[in-house]
>>> print(open('query-v1.csv').read())   # CSV, N, CA and C atoms
chain,number,residue,atom,x,y,z
A,299,MET,N,85.8,61.4,58.9
A,299,MET,CA,85.4,61.0,60.2
A,299,MET,C,86.6,60.7,61.1
A,300,ARG,N,87.6,60.1,60.5
A,300,ARG,CA,88.8,59.7,61.3
A,300,ARG,C,89.6,60.9,61.8
A,301,ASP,N,89.5,62.1,61.1
A,301,ASP,CA,90.3,63.3,61.5
A,301,ASP,C,89.8,63.9,62.7
A,302,ASP,N,88.5,63.6,63.2
A,302,ASP,CA,87.9,64.3,64.3
A,302,ASP,C,88.1,63.5,65.6
A,303,ARG,N,88.9,62.4,65.6
A,303,ARG,CA,89.0,61.6,66.8
A,303,ARG,C,89.8,62.4,67.9
A,304,GLY,N,89.2,62.5,69.1
A,304,GLY,CA,89.9,63.2,70.2
A,304,GLY,C,89.5,64.6,70.3
A,305,SER,N,88.9,65.2,69.4
A,305,SER,CA,88.6,66.7,69.5
A,305,SER,C,87.6,67.0,70.6
A,306,THR,N,86.7,66.1,70.9
A,306,THR,CA,85.8,66.3,72.0
A,306,THR,C,86.5,66.3,73.3
A,307,THR,N,87.5,65.4,73.4
A,307,THR,CA,88.3,65.3,74.7
A,307,THR,C,89.1,66.6,74.9
A,308,ILE,N,89.7,67.2,73.8
A,308,ILE,CA,90.4,68.4,74.0
A,308,ILE,C,89.5,69.6,74.3
A,309,TRP,N,88.3,69.6,73.7
A,309,TRP,CA,87.4,70.7,74.0
A,309,TRP,C,86.9,70.6,75.5
A,310,MET,N,86.6,69.4,76.0
A,310,MET,CA,86.2,69.2,77.4
A,310,MET,C,87.3,69.5,78.3
A,311,LEU,N,88.5,69.2,78.0
A,311,LEU,CA,89.7,69.5,78.8
A,311,LEU,C,89.8,71.1,78.9
A,312,GLY,N,89.7,71.7,77.8
A,312,GLY,CA,89.8,73.2,77.8
A,312,GLY,C,88.7,73.8,78.6
A,313,LEU,N,87.5,73.4,78.4
A,313,LEU,CA,86.4,73.9,79.2
A,313,LEU,C,86.5,73.6,80.7
A,314,SER,N,87.1,72.5,81.0
A,314,SER,CA,87.3,72.2,82.4
A,314,SER,C,88.3,73.1,83.0
A,315,LEU,N,89.4,73.4,82.3
A,315,LEU,CA,90.4,74.4,82.8
A,315,LEU,C,89.8,75.8,82.9
A,316,LEU,N,89.0,76.2,82.0
A,316,LEU,CA,88.3,77.5,82.0
A,316,LEU,C,87.4,77.6,83.2
A,317,LEU,N,86.6,76.5,83.5
A,317,LEU,CA,85.7,76.4,84.6
A,317,LEU,C,86.5,76.5,85.9
A,318,LEU,N,87.6,75.8,86.0
A,318,LEU,CA,88.5,75.9,87.2
A,318,LEU,C,89.0,77.3,87.4
A,319,LEU,N,89.4,78.0,86.4
A,319,LEU,CA,89.9,79.4,86.5
A,319,LEU,C,88.8,80.3,87.0
A,320,PHE,N,87.6,80.2,86.4
A,320,PHE,CA,86.5,81.1,86.9
A,320,PHE,C,86.0,80.7,88.3
A,321,GLY,N,86.0,79.4,88.6
A,321,GLY,CA,85.7,79.0,90.0
A,321,GLY,C,86.7,79.6,91.0
A,322,GLY,N,87.9,79.5,90.7
A,322,GLY,CA,88.9,80.1,91.6
A,322,GLY,C,88.8,81.6,91.7
A,323,LEU,N,88.4,82.3,90.6
A,323,LEU,CA,88.2,83.7,90.6
A,323,LEU,C,87.0,84.0,91.5
A,324,ALA,N,85.9,83.3,91.4
A,324,ALA,CA,84.7,83.5,92.2
A,324,ALA,C,85.0,83.3,93.7
A,325,LEU,N,85.8,82.2,94.0
A,325,LEU,CA,86.1,81.9,95.4
A,325,LEU,C,87.0,83.0,96.0
A,326,ASP,N,88.0,83.5,95.3
A,326,ASP,CA,88.8,84.5,95.8
A,326,ASP,C,88.1,85.9,95.9
A,327,TYR,N,87.2,86.1,95.0
A,327,TYR,CA,86.4,87.3,95.1
A,327,TYR,C,85.5,87.3,96.3
A,328,TRP,N,84.9,86.2,96.6
A,328,TRP,CA,84.0,86.1,97.8
A,328,TRP,C,84.9,86.2,99.1
A,329,ARG,N,86.1,85.6,99.0
A,329,ARG,CA,87.0,85.7,100.2
A,329,ARG,C,87.3,87.1,100.5
A,330,ALA,N,87.6,87.9,99.4
A,330,ALA,CA,87.9,89.3,99.5
A,330,ALA,C,86.7,90.1,100.1
A,331,LEU,N,85.5,89.8,99.6
A,331,LEU,CA,84.3,90.5,100.1
A,331,LEU,C,84.1,90.2,101.6
A,332,ALA,N,84.3,88.9,102.0
A,332,ALA,CA,84.1,88.5,103.4
A,332,ALA,C,85.2,89.2,104.3
A,333,PHE,N,86.4,89.3,103.8
A,333,PHE,CA,87.4,90.0,104.5
A,333,PHE,C,87.2,91.5,104.7
A,334,GLN,N,86.6,92.1,103.6
A,334,GLN,CA,86.3,93.5,103.7
A,334,GLN,C,85.2,93.8,104.7
A,335,ARG,N,84.2,92.9,104.8
A,335,ARG,CA,83.1,93.0,105.8
A,335,ARG,C,83.7,92.9,107.2
A,336,GLU,N,84.7,92.0,107.4
A,336,GLU,CA,85.3,91.8,108.6
A,336,GLU,C,86.1,93.1,109.0
A,337,LEU,N,86.8,93.6,108.1
A,337,LEU,CA,87.6,94.9,108.3
A,337,LEU,C,86.6,96.0,108.6
A,338,ALA,N,85.5,96.1,108.0
A,338,ALA,CA,84.5,97.1,108.3
A,338,ALA,C,84.0,97.0,109.7
A,339,ALA,N,83.8,95.8,110.2
A,339,ALA,CA,83.4,95.6,111.6
A,339,ALA,C,84.5,96.1,112.5
A,340,VAL,N,85.7,95.8,112.2
A,340,VAL,CA,86.8,96.2,113.0
A,340,VAL,C,86.9,97.7,113.1
A,341,ALA,N,86.8,98.3,111.9
A,341,ALA,CA,86.9,99.8,111.8
A,341,ALA,C,85.7,100.5,112.6
A,342,ASP,N,84.5,99.9,112.4
A,342,ASP,CA,83.3,100.4,113.1
A,342,ASP,C,83.5,100.4,114.6
A,343,SER,N,84.0,99.2,115.1
A,343,SER,CA,84.1,99.1,116.6
A,343,SER,C,85.3,100.0,117.1
A,344,ALA,N,86.3,100.1,116.3
A,344,ALA,CA,87.4,101.0,116.7
A,344,ALA,C,87.0,102.5,116.7
A,345,ALA,N,86.2,102.9,115.7
A,345,ALA,CA,85.7,104.3,115.7
A,345,ALA,C,84.8,104.6,116.9
A,346,ILE,N,83.9,103.6,117.2
A,346,ILE,CA,83.1,103.8,118.4
A,346,ILE,C,83.9,103.9,119.7
A,347,ALA,N,84.9,103.0,119.8
A,347,ALA,CA,85.7,103.0,121.0
A,347,ALA,C,86.5,104.3,121.1
A,348,GLY,N,87.0,104.8,119.9
A,348,GLY,CA,87.7,106.1,119.9
A,348,GLY,C,86.8,107.3,120.3
A,349,ALA,N,85.5,107.2,119.8
A,349,ALA,CA,84.6,108.3,120.1
A,349,ALA,C,84.2,108.4,121.6
A,350,SER,N,84.5,107.3,122.3
A,350,SER,CA,84.2,107.4,123.8
A,350,SER,C,85.4,108.0,124.5
A,351,GLY,N,86.4,108.4,123.8
A,351,GLY,CA,87.6,109.0,124.5
A,351,GLY,C,87.4,110.5,124.6
A,352,ILE,N,86.4,111.0,125.3
A,352,ILE,CA,86.2,112.4,125.5
A,352,ILE,C,87.2,113.0,126.5
A,353,SER,N,87.4,114.3,126.4
A,353,SER,CA,88.2,115.0,127.4
A,353,SER,C,87.3,115.3,128.6
A,354,GLU,N,87.6,114.6,129.6
A,354,GLU,CA,86.7,114.7,130.8
A,354,GLU,C,87.0,116.1,131.5
A,355,VAL,N,88.2,116.6,131.5
A,355,VAL,CA,88.5,117.9,132.1
A,355,VAL,C,87.7,119.0,131.4
A,356,HIS,N,87.7,119.0,130.1
A,356,HIS,CA,87.0,120.0,129.3
A,356,HIS,C,85.5,119.9,129.5
A,357,TYR,N,85.0,118.7,129.5
A,357,TYR,CA,83.6,118.5,129.7
A,357,TYR,C,83.1,119.0,131.1
A,358,ARG,N,83.9,118.7,132.1
A,358,ARG,CA,83.5,119.2,133.5
A,358,ARG,C,83.6,120.7,133.6
A,359,ALA,N,84.5,121.3,132.9
A,359,ALA,CA,84.7,122.7,132.9
A,359,ALA,C,83.6,123.5,132.1
A,360,THR,N,83.3,123.0,131.0
A,360,THR,CA,82.4,123.7,130.1
A,360,THR,C,81.1,123.0,129.7
A,361,GLY,N,81.0,121.7,129.9
A,361,GLY,CA,79.8,121.0,129.5
A,361,GLY,C,79.8,120.6,128.0
A,362,GLU,N,80.9,121.0,127.3
A,362,GLU,CA,81.0,120.7,125.9
A,362,GLU,C,81.7,119.4,125.7
A,363,ILE,N,81.2,118.5,124.8
A,363,ILE,CA,81.8,117.2,124.5
A,363,ILE,C,82.9,117.4,123.4
A,364,LEU,N,84.1,117.2,123.8
A,364,LEU,CA,85.2,117.2,122.8
A,364,LEU,C,86.1,116.0,123.0
A,365,LEU,N,86.7,115.5,122.0
A,365,LEU,CA,87.6,114.3,122.1
A,365,LEU,C,89.0,114.7,122.5
A,366,ASP,N,89.5,113.9,123.4
A,366,ASP,CA,91.0,114.0,123.7
A,366,ASP,C,91.7,113.2,122.6
A,367,PRO,N,92.4,113.8,121.7
A,367,PRO,CA,93.0,113.1,120.6
A,367,PRO,C,93.9,111.9,121.0
A,368,ALA,N,94.7,112.0,122.1
A,368,ALA,CA,95.6,110.9,122.5
A,368,ALA,C,94.7,109.8,123.1
A,369,ARG,N,93.7,110.1,123.9
A,369,ARG,CA,92.9,109.1,124.5
A,369,ARG,C,92.0,108.4,123.4
A,370,ALA,N,91.5,109.1,122.5
A,370,ALA,CA,90.7,108.5,121.4
A,370,ALA,C,91.5,107.6,120.5
A,371,ASP,N,92.7,108.0,120.2
A,371,ASP,CA,93.7,107.2,119.4
A,371,ASP,C,94.0,105.9,120.2
A,372,GLY,N,94.3,106.0,121.5
A,372,GLY,CA,94.6,104.9,122.3
A,372,GLY,C,93.5,103.9,122.4
A,373,LEU,N,92.3,104.4,122.6
A,373,LEU,CA,91.1,103.5,122.7
A,373,LEU,C,90.8,102.8,121.4
A,374,ALA,N,90.9,103.5,120.3
A,374,ALA,CA,90.7,102.9,119.0
A,374,ALA,C,91.7,101.8,118.7
A,375,ARG,N,93.0,102.1,119.0
A,375,ARG,CA,94.0,101.1,118.7
A,375,ARG,C,93.9,99.9,119.6
A,376,GLU,N,93.5,100.1,120.9
A,376,GLU,CA,93.2,99.0,121.8
A,376,GLU,C,92.1,98.1,121.2
A,377,SER,N,91.1,98.7,120.7
A,377,SER,CA,90.0,97.9,120.1
A,377,SER,C,90.4,97.1,119.0
A,378,ILE,N,91.3,97.7,118.1
A,378,ILE,CA,91.8,96.9,117.0
A,378,ILE,C,92.7,95.8,117.4
A,379,ALA,N,93.6,96.1,118.4
A,379,ALA,CA,94.5,95.0,118.9
A,379,ALA,C,93.7,93.9,119.6
A,380,PHE,N,92.6,94.3,120.3
A,380,PHE,CA,91.8,93.3,121.0
A,380,PHE,C,91.2,92.3,120.0
A,381,GLN,N,90.9,92.7,118.8
A,381,GLN,CA,90.3,91.9,117.8
A,381,GLN,C,91.3,90.9,117.1
A,382,GLY,N,92.6,91.2,117.3
A,382,GLY,CA,93.6,90.3,116.9
A,382,GLY,C,93.8,90.0,115.4
A,383,MET,N,93.5,91.0,114.6
A,383,MET,CA,93.7,90.8,113.1
A,383,MET,C,95.0,91.3,112.7
A,384,ASP,N,95.5,90.6,111.7
A,384,ASP,CA,96.8,91.0,111.1
A,384,ASP,C,96.6,92.0,110.0
A,385,LEU,N,96.8,93.3,110.3
A,385,LEU,CA,96.6,94.4,109.4
A,385,LEU,C,97.8,95.0,109.0
A,386,THR,N,97.8,95.5,107.7
A,386,THR,CA,99.0,96.1,107.1
A,386,THR,C,99.0,97.6,107.4
A,387,LEU,N,97.8,98.2,107.7
A,387,LEU,CA,97.7,99.7,107.9
A,387,LEU,C,96.6,99.9,108.9
A,388,VAL,N,97.0,100.7,109.9
A,388,VAL,CA,95.9,101.2,110.9
A,388,VAL,C,96.2,102.7,111.0
A,389,GLU,N,95.1,103.5,110.7
A,389,GLU,CA,95.2,104.9,110.7
A,389,GLU,C,94.1,105.4,111.5
A,390,VAL,N,94.4,106.2,112.6
A,390,VAL,CA,93.3,106.8,113.4
A,390,VAL,C,93.5,108.3,113.4
A,391,LEU,N,92.5,109.0,113.0
A,391,LEU,CA,92.5,110.5,112.9
A,391,LEU,C,91.4,111.1,113.7
A,392,VAL,N,91.8,112.1,114.5
A,392,VAL,CA,90.8,112.8,115.2
A,392,VAL,C,90.7,114.2,114.5
A,393,SER,N,89.5,114.6,114.2
A,393,SER,CA,89.3,115.9,113.5
A,393,SER,C,89.9,117.1,114.3
A,394,ALA,N,90.2,118.1,113.6
A,394,ALA,CA,90.9,119.3,114.3
A,394,ALA,C,90.0,119.9,115.3
A,395,ASP,N,88.7,119.9,115.1
A,395,ASP,CA,87.8,120.5,116.1
A,395,ASP,C,87.4,119.5,117.2
A,396,GLY,N,87.9,118.3,117.2
A,396,GLY,CA,87.7,117.4,118.3
A,396,GLY,C,86.4,116.8,118.4
A,397,THR,N,85.6,116.7,117.3
A,397,THR,CA,84.3,116.2,117.3
A,397,THR,C,84.1,114.8,116.6
A,398,THR,N,85.1,114.4,115.9
A,398,THR,CA,85.0,113.2,115.1
A,398,THR,C,86.3,112.4,115.1
A,399,VAL,N,86.1,111.1,115.2
A,399,VAL,CA,87.3,110.2,115.1
A,399,VAL,C,87.0,109.3,113.9
A,400,SER,N,88.1,109.2,113.0
A,400,SER,CA,88.0,108.4,111.8
A,400,SER,C,89.1,107.3,111.9
A,401,VAL,N,88.7,106.1,111.5
A,401,VAL,CA,89.6,104.9,111.5
A,401,VAL,C,89.6,104.3,110.2
A,402,ALA,N,90.8,104.0,109.7
A,402,ALA,CA,91.0,103.3,108.4
A,402,ALA,C,91.9,102.1,108.7
A,403,VAL,N,91.5,101.0,108.2
A,403,VAL,CA,92.2,99.7,108.4
A,403,VAL,C,92.4,99.1,107.1
A,404,GLN,N,93.5,98.4,106.9
A,404,GLN,CA,93.8,97.8,105.6
A,404,GLN,C,94.5,96.4,105.9
A,405,GLY,N,94.1,95.4,105.1
A,405,GLY,CA,94.8,94.1,105.3
A,405,GLY,C,94.9,93.4,103.9
A,406,ALA,N,95.7,92.4,103.9
A,406,ALA,CA,95.9,91.6,102.7
A,406,ALA,C,95.1,90.4,102.6
A,407,VAL,N,94.6,90.0,101.5
A,407,VAL,CA,93.8,88.8,101.3
A,407,VAL,C,94.7,87.7,100.8
A,408,GLU,N,94.6,86.6,101.4
A,408,GLU,CA,95.3,85.4,100.9
A,408,GLU,C,94.5,84.8,99.8
A,409,LEU,N,95.2,84.7,98.6
A,409,LEU,CA,94.5,84.2,97.4
A,409,LEU,C,94.7,82.7,97.4
A,410,GLY,N,93.7,82.0,96.8
A,410,GLY,CA,93.7,80.6,96.6
A,410,GLY,C,94.3,80.3,95.3
A,411,LEU,N,93.4,79.9,94.3
A,411,LEU,CA,93.8,79.5,93.0
A,411,LEU,C,94.5,80.7,92.2
A,412,LEU,N,94.0,81.9,92.4
A,412,LEU,CA,94.5,83.0,91.7
A,412,LEU,C,95.9,83.4,92.2
A,413,GLY,N,96.3,82.9,93.3
A,413,GLY,CA,97.7,83.1,93.8
A,413,GLY,C,98.7,82.5,92.8
A,414,VAL,N,98.3,81.5,92.0
A,414,VAL,CA,99.2,81.0,91.0
A,414,VAL,C,99.5,82.0,89.9
A,415,PHE,N,98.6,82.8,89.6
A,415,PHE,CA,98.7,83.8,88.5
A,415,PHE,C,99.2,85.2,89.0
A,416,ILE,N,99.0,85.5,90.3
A,416,ILE,CA,99.4,86.8,90.8
A,416,ILE,C,100.6,86.6,91.7
A,417,ARG,N,101.6,87.5,91.5
A,417,ARG,CA,102.8,87.4,92.3
A,417,ARG,C,102.6,87.7,93.8
A,418,ASP,N,103.3,87.1,94.6
A,418,ASP,CA,103.2,87.2,96.1
A,418,ASP,C,103.6,88.6,96.6
A,419,ASP,N,104.5,89.3,95.8
A,419,ASP,CA,105.0,90.6,96.3
A,419,ASP,C,104.0,91.7,96.0
A,420,ASP,N,102.9,91.4,95.3
A,420,ASP,CA,101.8,92.4,95.0
A,420,ASP,C,100.5,91.8,95.5
A,421,PRO,N,100.3,91.8,96.9
A,421,PRO,CA,99.1,91.2,97.4
A,421,PRO,C,97.8,92.0,97.1
A,422,LEU,N,96.7,91.3,97.2
A,422,LEU,CA,95.4,92.0,97.1
A,422,LEU,C,95.1,92.6,98.4
A,423,THR,N,94.9,93.9,98.4
A,423,THR,CA,94.7,94.6,99.7
A,423,THR,C,93.2,95.1,99.7
A,424,VAL,N,92.7,95.1,100.9
A,424,VAL,CA,91.3,95.5,101.2
A,424,VAL,C,91.3,96.6,102.3
A,425,THR,N,90.6,97.6,102.1
A,425,THR,CA,90.5,98.8,103.0
A,425,THR,C,89.1,99.0,103.5
A,426,ALA,N,89.0,99.4,104.8
A,426,ALA,CA,87.7,99.8,105.3
A,426,ALA,C,87.9,101.0,106.2
A,427,THR,N,86.9,101.9,106.2
A,427,THR,CA,87.0,103.1,107.0
A,427,THR,C,85.7,103.3,107.7
A,428,ALA,N,85.8,104.0,108.9
A,428,ALA,CA,84.6,104.3,109.7
A,428,ALA,C,84.9,105.6,110.4
A,429,SER,N,83.8,106.3,110.7
A,429,SER,CA,83.9,107.5,111.5
A,429,SER,C,82.8,107.5,112.6
A,430,ALA,N,83.1,108.1,113.7
A,430,ALA,CA,82.1,108.2,114.8
A,430,ALA,C,82.3,109.5,115.6
A,431,SER,N,81.3,110.0,116.2
A,431,SER,CA,81.3,111.2,117.0
A,431,SER,C,80.7,110.9,118.4
A,432,PRO,N,81.2,111.5,119.4
A,432,PRO,CA,80.6,111.3,120.7
A,432,PRO,C,79.3,112.1,120.8
A,433,ARG,N,78.3,111.6,121.5
A,433,ARG,CA,77.1,112.3,121.7
A,433,ARG,C,76.5,112.1,123.1
A,434,ARG,N,75.8,113.0,123.5
A,434,ARG,CA,75.2,112.9,124.8
A,434,ARG,C,73.9,112.2,124.7
A,435,VAL,N,73.7,111.2,125.6
A,435,VAL,CA,72.4,110.4,125.6
A,435,VAL,C,71.6,111.0,126.7
A,436,PRO,N,70.4,111.4,126.3
A,436,PRO,CA,69.5,112.0,127.4
A,436,PRO,C,69.1,111.0,128.4
>>> encode(input="query-v1.csv", output="structure tokens")
Amino acid sequence: MRDDRGSTTIWMLGLSLLLLLFGGLALDYWRALAFQRELAAVADSAAIAGASGISEVHYRATGEILLDPARADGLARESIAFQGMDLTLVEVLVSADGTTVSVAVQGAVELGLLGVFIRDDDPLTVTATASASPRRVP
């Protein structure tokens, strides 16, 4: 009986540390998911803004809706800048045929408890992409 003194305390301490680790993992996971949803909203709004950058000269001449690549890129980047997020990568691509604009954004997630175990020079990155096409509304 005397040899078992304190073993419950050690077990409870170990379980508490394990619970703290899994709690930190869960919080950081949900923080990454929330940030990914935020990035998806930024990418969606930027793609829609870029899709409104049609070539007016081409449309007036032919009645065909095509994107002006420079204008679509500028509108998408303005939309992203307006949202004021700190992003590590912003990529705006207009398709070769001028019918679709695609936006990819990437950002780094600030880790809480898991930051103790993961080096700062290798951050957790989250990416979101969106595409949009201009269309005529009757």
>>> atom_distance(input="query-v1.csv", atom1="CA of Gln381 (chain A)", atom2="CA of Asp342 (chain A)")
12.0 Å
>>> residues_near_point(input="query-v1.csv", point="(96.3, 88.7, 96.8)", cutoff="5 Å", atoms="all atoms listed in the file", output="CSV table (one decimal) with N, CA and C atoms, in the frame of the given file")
chain,number,residue,atom,x,y,z
A,407,VAL,N,94.6,90.0,101.5
A,407,VAL,CA,93.8,88.8,101.3
A,407,VAL,C,94.7,87.7,100.8
A,409,LEU,N,95.2,84.7,98.6
A,409,LEU,CA,94.5,84.2,97.4
A,409,LEU,C,94.7,82.7,97.4
A,421,PRO,N,100.3,91.8,96.9
A,421,PRO,CA,99.1,91.2,97.4
A,421,PRO,C,97.8,92.0,97.1
A,422,LEU,N,96.7,91.3,97.2
A,422,LEU,CA,95.4,92.0,97.1
A,422,LEU,C,95.1,92.6,98.4
>>> residues_around(input="query-v1.csv", residues="Val424 (chain A)", least_positions_apart="4", cutoff="12 Å", atoms="only C-alpha atoms", output="JSON, numbers by chain")
{"A": [327, 329, 330, 331, 332, 333, 334, 335, 336, 337, 338, 385, 386, 387, 402, 403, 404, 405, 406, 407, 408]}
>>> residues_around(input="query-v1.csv", residues="region 429-435 of chain A", least_positions_apart="4", cutoff="12 Å", atoms="only C-alpha atoms", output="NGL selection string")
:A and (338-353 or 357 or 361-366 or 370 or 374 or 389-393 or 395-403)
>>> write_last_selection(input="query-v1.csv", atoms="N, CA and C atoms", output="mmCIF file, in the coordinates of the input")
data_model
loop_
_atom_site.group_PDB
_atom_site.id
_atom_site.type_symbol
_atom_site.label_atom_id
_atom_site.label_comp_id
_atom_site.auth_asym_id
_atom_site.auth_seq_id
_atom_site.Cartn_x
_atom_site.Cartn_y
_atom_site.Cartn_z
ATOM 1 N N ALA A 338 85.500 96.100 108.000
ATOM 2 C CA ALA A 338 84.500 97.100 108.300
ATOM 3 C C ALA A 338 84.000 97.000 109.700
ATOM 4 N N ALA A 339 83.800 95.800 110.200
ATOM 5 C CA ALA A 339 83.400 95.600 111.600
ATOM 6 C C ALA A 339 84.500 96.100 112.500
ATOM 7 N N VAL A 340 85.700 95.800 112.200
ATOM 8 C CA VAL A 340 86.800 96.200 113.000
ATOM 9 C C VAL A 340 86.900 97.700 113.100
ATOM 10 N N ALA A 341 86.800 98.300 111.900
ATOM 11 C CA ALA A 341 86.900 99.800 111.800
ATOM 12 C C ALA A 341 85.700 100.500 112.600
ATOM 13 N N ASP A 342 84.500 99.900 112.400
ATOM 14 C CA ASP A 342 83.300 100.400 113.100
ATOM 15 C C ASP A 342 83.500 100.400 114.600
ATOM 16 N N SER A 343 84.000 99.200 115.100
ATOM 17 C CA SER A 343 84.100 99.100 116.600
ATOM 18 C C SER A 343 85.300 100.000 117.100
ATOM 19 N N ALA A 344 86.300 100.100 116.300
ATOM 20 C CA ALA A 344 87.400 101.000 116.700
ATOM 21 C C ALA A 344 87.000 102.500 116.700
ATOM 22 N N ALA A 345 86.200 102.900 115.700
ATOM 23 C CA ALA A 345 85.700 104.300 115.700
ATOM 24 C C ALA A 345 84.800 104.600 116.900
ATOM 25 N N ILE A 346 83.900 103.600 117.200
ATOM 26 C CA ILE A 346 83.100 103.800 118.400
ATOM 27 C C ILE A 346 83.900 103.900 119.700
ATOM 28 N N ALA A 347 84.900 103.000 119.800
ATOM 29 C CA ALA A 347 85.700 103.000 121.000
ATOM 30 C C ALA A 347 86.500 104.300 121.100
ATOM 31 N N GLY A 348 87.000 104.800 119.900
ATOM 32 C CA GLY A 348 87.700 106.100 119.900
ATOM 33 C C GLY A 348 86.800 107.300 120.300
ATOM 34 N N ALA A 349 85.500 107.200 119.800
ATOM 35 C CA ALA A 349 84.600 108.300 120.100
ATOM 36 C C ALA A 349 84.200 108.400 121.600
ATOM 37 N N SER A 350 84.500 107.300 122.300
ATOM 38 C CA SER A 350 84.200 107.400 123.800
ATOM 39 C C SER A 350 85.400 108.000 124.500
ATOM 40 N N GLY A 351 86.400 108.400 123.800
ATOM 41 C CA GLY A 351 87.600 109.000 124.500
ATOM 42 C C GLY A 351 87.400 110.500 124.600
ATOM 43 N N ILE A 352 86.400 111.000 125.300
ATOM 44 C CA ILE A 352 86.200 112.400 125.500
ATOM 45 C C ILE A 352 87.200 113.000 126.500
ATOM 46 N N SER A 353 87.400 114.300 126.400
ATOM 47 C CA SER A 353 88.200 115.000 127.400
ATOM 48 C C SER A 353 87.300 115.300 128.600
ATOM 49 N N TYR A 357 85.000 118.700 129.500
ATOM 50 C CA TYR A 357 83.600 118.500 129.700
ATOM 51 C C TYR A 357 83.100 119.000 131.100
ATOM 52 N N GLY A 361 81.000 121.700 129.900
ATOM 53 C CA GLY A 361 79.800 121.000 129.500
ATOM 54 C C GLY A 361 79.800 120.600 128.000
ATOM 55 N N GLU A 362 80.900 121.000 127.300
ATOM 56 C CA GLU A 362 81.000 120.700 125.900
ATOM 57 C C GLU A 362 81.700 119.400 125.700
ATOM 58 N N ILE A 363 81.200 118.500 124.800
ATOM 59 C CA ILE A 363 81.800 117.200 124.500
ATOM 60 C C ILE A 363 82.900 117.400 123.400
ATOM 61 N N LEU A 364 84.100 117.200 123.800
ATOM 62 C CA LEU A 364 85.200 117.200 122.800
ATOM 63 C C LEU A 364 86.100 116.000 123.000
ATOM 64 N N LEU A 365 86.700 115.500 122.000
ATOM 65 C CA LEU A 365 87.600 114.300 122.100
ATOM 66 C C LEU A 365 89.000 114.700 122.500
ATOM 67 N N ASP A 366 89.500 113.900 123.400
ATOM 68 C CA ASP A 366 91.000 114.000 123.700
ATOM 69 C C ASP A 366 91.700 113.200 122.600
ATOM 70 N N ALA A 370 91.500 109.100 122.500
ATOM 71 C CA ALA A 370 90.700 108.500 121.400
ATOM 72 C C ALA A 370 91.500 107.600 120.500
ATOM 73 N N ALA A 374 90.900 103.500 120.300
ATOM 74 C CA ALA A 374 90.700 102.900 119.000
ATOM 75 C C ALA A 374 91.700 101.800 118.700
ATOM 76 N N GLU A 389 95.100 103.500 110.700
ATOM 77 C CA GLU A 389 95.200 104.900 110.700
ATOM 78 C C GLU A 389 94.100 105.400 111.500
ATOM 79 N N VAL A 390 94.400 106.200 112.600
ATOM 80 C CA VAL A 390 93.300 106.800 113.400
ATOM 81 C C VAL A 390 93.500 108.300 113.400
ATOM 82 N N LEU A 391 92.500 109.000 113.000
ATOM 83 C CA LEU A 391 92.500 110.500 112.900
ATOM 84 C C LEU A 391 91.400 111.100 113.700
ATOM 85 N N VAL A 392 91.800 112.100 114.500
ATOM 86 C CA VAL A 392 90.800 112.800 115.200
ATOM 87 C C VAL A 392 90.700 114.200 114.500
ATOM 88 N N SER A 393 89.500 114.600 114.200
ATOM 89 C CA SER A 393 89.300 115.900 113.500
ATOM 90 C C SER A 393 89.900 117.100 114.300
ATOM 91 N N ASP A 395 88.700 119.900 115.100
ATOM 92 C CA ASP A 395 87.800 120.500 116.100
ATOM 93 C C ASP A 395 87.400 119.500 117.200
ATOM 94 N N GLY A 396 87.900 118.300 117.200
ATOM 95 C CA GLY A 396 87.700 117.400 118.300
ATOM 96 C C GLY A 396 86.400 116.800 118.400
ATOM 97 N N THR A 397 85.600 116.700 117.300
ATOM 98 C CA THR A 397 84.300 116.200 117.300
ATOM 99 C C THR A 397 84.100 114.800 116.600
ATOM 100 N N THR A 398 85.100 114.400 115.900
ATOM 101 C CA THR A 398 85.000 113.200 115.100
ATOM 102 C C THR A 398 86.300 112.400 115.100
ATOM 103 N N VAL A 399 86.100 111.100 115.200
ATOM 104 C CA VAL A 399 87.300 110.200 115.100
ATOM 105 C C VAL A 399 87.000 109.300 113.900
ATOM 106 N N SER A 400 88.100 109.200 113.000
ATOM 107 C CA SER A 400 88.000 108.400 111.800
ATOM 108 C C SER A 400 89.100 107.300 111.900
ATOM 109 N N VAL A 401 88.700 106.100 111.500
ATOM 110 C CA VAL A 401 89.600 104.900 111.500
ATOM 111 C C VAL A 401 89.600 104.300 110.200
ATOM 112 N N ALA A 402 90.800 104.000 109.700
ATOM 113 C CA ALA A 402 91.000 103.300 108.400
ATOM 114 C C ALA A 402 91.900 102.100 108.700
ATOM 115 N N VAL A 403 91.500 101.000 108.200
ATOM 116 C CA VAL A 403 92.200 99.700 108.400
ATOM 117 C C VAL A 403 92.400 99.100 107.100
#
>>> select_by_dssp(input="query-v1.csv", residues="region 375-412 of chain A", states="strand (DSSP E or B)", output="list of chain:residue names")
A:Leu387, A:Val388, A:Glu389, A:Val390, A:Leu391, A:Val392, A:Val399, A:Ser400, A:Val401, A:Ala402, A:Val403, A:Gln404, A:Gly405, A:Ala406, A:Val407
>>> atom_distance(input="query-v1.csv", atom1="atom N of Ile378 (chain A)", atom2="CA of Glu354 (chain A)")
21.7 Å
>>> atom_distance(input="query-v1.csv", atom1="CA of Ile308 (chain A)", atom2="CA of Asp326 (chain A)")
27.1 Å
